[in-house]
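First the structure, in the form of structure tokens, and then the observations on it.
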Amino acid sequence: MHYDLILRNGICIFPWGQEKVNIGVRNGRILSLSVGGNDEAAQVIDATGLHVLPGLMDCHVHFREPGNALVETIETGTKAAALGGLTTVLDMPNTNPVVADLEMIQWKQQRAVETSWVNFGFYVGATRDNIQDLASLESQKGVCGTKVYAGSSTGSLMVEDDASLEQVMLYGRRRVCYHAEDEYRLQERKKLFCEGMPYENHRLWRDEECAFLGTRRIIALAQKTRRPAHILHTTTQEELEWLVDYKDIATIEVLVNHLTQIAPECYERLQGRAVMNPPIRDQRHYDACWAAVRNGVVDIVSSDHAPHDPTLKAKPWLCCPSGMLGVQTIVPLMLNHVNEGRLSLNRLADVMSANPARIYGMPTKGRIQVGYDADFTLVDMQKKRRITNDWIVSPAGWTPYDQTDVKGWPMVTIVKGQIIMQNDQVLGSPQGELVEFLS
Ligand SMILES: [Zn+2]
């Protein structure tokens, strides 16, 4: 048998466990899991000593295109993804202009096909004006679902009142993903704080109840309409323990940041660079996030990669924008968490590949199986590296994990059978495709 690509001697992560298997790839798909010694291929990777994961995905990134090429574009953000071991990204709609109509969806489709290094999907944003068009907008090629900002002051993309939220749920079938912090409580509490207060106040302003109240409201409406809700970046013990009883209607995301940073230490060390929404919280919530990853309440772990100019992040609190970079560092950080015993490599494949494929409806992704897309992340669990700012390829040029030592590193990224990253080098040209979603 002749293949385009053979991966030999890697330890593959299957749903049932780990097994040393030789994988044969042809035409971008997995053709065989029983490649023999005499079989040949145009390219062979000797994966001895490496683990082969189904291609890891980051379902929550903000690539700022169109709008701010000085901090990120689809080209630079997907290159960062490839270097960081990701094969698929899902990009958020709060660009400038926002992605909330057919014209912008078509613009983004074309831009992604021209410049993306990895498989690319993107969200359509719900606005007050497009609610009745959401069903047709979300079914366009490459659109993974609808993003709703129920709070967080993102201008025209905000839909915060119950009547409008209920309307959003009634139009369409794909996953609706919510930034659930309660806008009314956020505005009310903002009066308690003023400019120039320590950055740590970010978590006091956007307190536990802002998050929990928003999540409770969304779940109540989801139950009423029977439209499943994907709650993005859940952060509190209160939400995660409560959501155990709503897994019939709710799927849950937590962010690598909330699994890695702890307040107040992170605010003292990183200052404005630690500011994001929902905020980094204290040890109690950090422990609850990990418990929820382990007990299955959490479905997906993402980065919420949200780059900003470092000079803006140096501004005083309340003036500095929220968000930090993360698409390039999520895999090394999660591999380090595996090595430190917080989750297994199989659980990592669940929350960064199999579950994203199931929740967003990517029928040929998420596992290593004959007929599936040949998307792989090859990792060296023994490799020790230090994450530094100069490794970051996003034009914004910084990471909150600068000088962080990790054990476990992505060595090869393969997208649809093409090796696009090997040993810290991006190879070839941007040939990423729009992801096909179930309709
Ligand atoms: Zn986000």
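In the structure tokens, chains take letters A, B, ... by order of appearance, with residues numbered from 1 within each chain and ligands from 1 in the order shown.
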
| field | ligand 1 neighbours within 12 Å using only C-alpha atoms and all ligand atoms, as a PyMOL selection string | value | chain A and resi 58-64+90-95+123+147-149+151-152+154+177-180+231-234+253-255+257+276-279+302-307+322-327

| task | Based on DSSP run over this structure's backbone, return all residues of stretch 216-375 of chain A in strand (DSSP E or B), as an NGL selection string. | result | :A and (229-231 or 250-255 or 300-302 or 305 or 324 or 373)

Using N, CA and C atoms, can you write the selected residues to a file as a short mmCIF file (atom, residue, chain, number, x, y, z; two decimals), in the first residue's frame?
```
data_model
loop_
_atom_site.label_atom_id
_atom_site.label_comp_id
_atom_site.auth_asym_id
_atom_site.auth_seq_id
_atom_site.Cartn_x
_atom_site.Cartn_y
_atom_site.Cartn_z
N ALA A 229 -27.42 25.28 25.49
CA ALA A 229 -26.58 26.47 25.71
C ALA A 229 -25.16 26.04 26.02
N HIS A 230 -24.21 26.70 25.37
CA HIS A 230 -22.80 26.47 25.69
C HIS A 230 -22.32 27.68 26.48
N ILE A 231 -22.01 27.45 27.75
CA ILE A 231 -21.59 28.55 28.62
C ILE A 231 -20.08 28.71 28.51
N ALA A 250 -26.93 22.06 29.09
CA ALA A 250 -25.76 22.95 29.10
C ALA A 250 -24.46 22.21 28.82
N THR A 251 -23.64 22.79 27.97
CA THR A 251 -22.25 22.36 27.86
C THR A 251 -21.39 23.51 28.37
N ILE A 252 -20.18 23.16 28.85
CA ILE A 252 -19.41 24.11 29.66
C ILE A 252 -17.99 24.23 29.15
N GLU A 253 -17.53 25.48 29.05
CA GLU A 253 -16.13 25.76 28.74
C GLU A 253 -15.45 26.36 29.97
N VAL A 254 -14.22 25.95 30.24
CA VAL A 254 -13.35 26.74 31.13
C VAL A 254 -12.09 27.09 30.34
N LEU A 255 -11.40 28.11 30.81
CA LEU A 255 -10.21 28.58 30.11
C LEU A 255 -8.94 28.11 30.81
N ILE A 300 -15.13 21.54 27.51
CA ILE A 300 -14.12 22.11 26.61
C ILE A 300 -13.19 23.03 27.40
N VAL A 301 -11.89 22.93 27.09
CA VAL A 301 -10.91 23.89 27.60
C VAL A 301 -10.36 24.69 26.42
N SER A 302 -10.43 26.01 26.53
CA SER A 302 -10.00 26.92 25.46
C SER A 302 -9.05 27.98 26.01
N HIS A 305 -7.95 33.48 23.55
CA HIS A 305 -6.86 34.32 23.03
C HIS A 305 -7.42 35.68 22.61
N MET A 324 -5.99 38.57 27.20
CA MET A 324 -4.57 38.25 27.10
C MET A 324 -4.34 37.23 26.00
N ASP A 373 -10.51 12.97 9.45
CA ASP A 373 -9.49 13.89 8.97
C ASP A 373 -8.14 13.58 9.61
#
```

Write out as CSV a residue-level contact list of stretch 318-391 of chain A versus stretch 290-298 of chain A with cut-off 10 Å: for each qualifying residue the closest pair of atoms and the distance in Å to one decimal, counting only C-alpha atoms, rows sorted by chain and residue number upward.
```
residue,atom,partner,partner_atom,distance
A:Arg342,CA,A:Trp290,CA,7.4
A:Leu343,CA,A:Arg294,CA,6.7
A:Ser344,CA,A:Arg294,CA,9.1
A:Arg347,CA,A:Arg294,CA,8.0
A:Leu348,CA,A:Val293,CA,9.4
A:Asp350,CA,A:Gly296,CA,9.8
A:Val351,CA,A:Val298,CA,7.7
A:Asn355,CA,A:Val298,CA,9.8
```

| said: as a ChimeraX atom specification, please: the residues near stretch 219-228 of chain A (cut-off 10 Å, only C-alpha atoms, same-chain neighbours under 2 positions excluded). | reply: /A:162-163,165-177,180,214-217,230-231,243,246-251,359

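For the set A:Glu239, A:Arg29, A:Arg269, A:Glu195, the residue with the smallest atom-to-atom gap to A:His285 is A:Glu239, counting only C-alpha atoms.
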
| So, counting only C-alpha atoms, which residue among A:Arg281, A:Lys190, A:Lys108, A:Lys416 is closest to A:Phe376? | A:Lys416
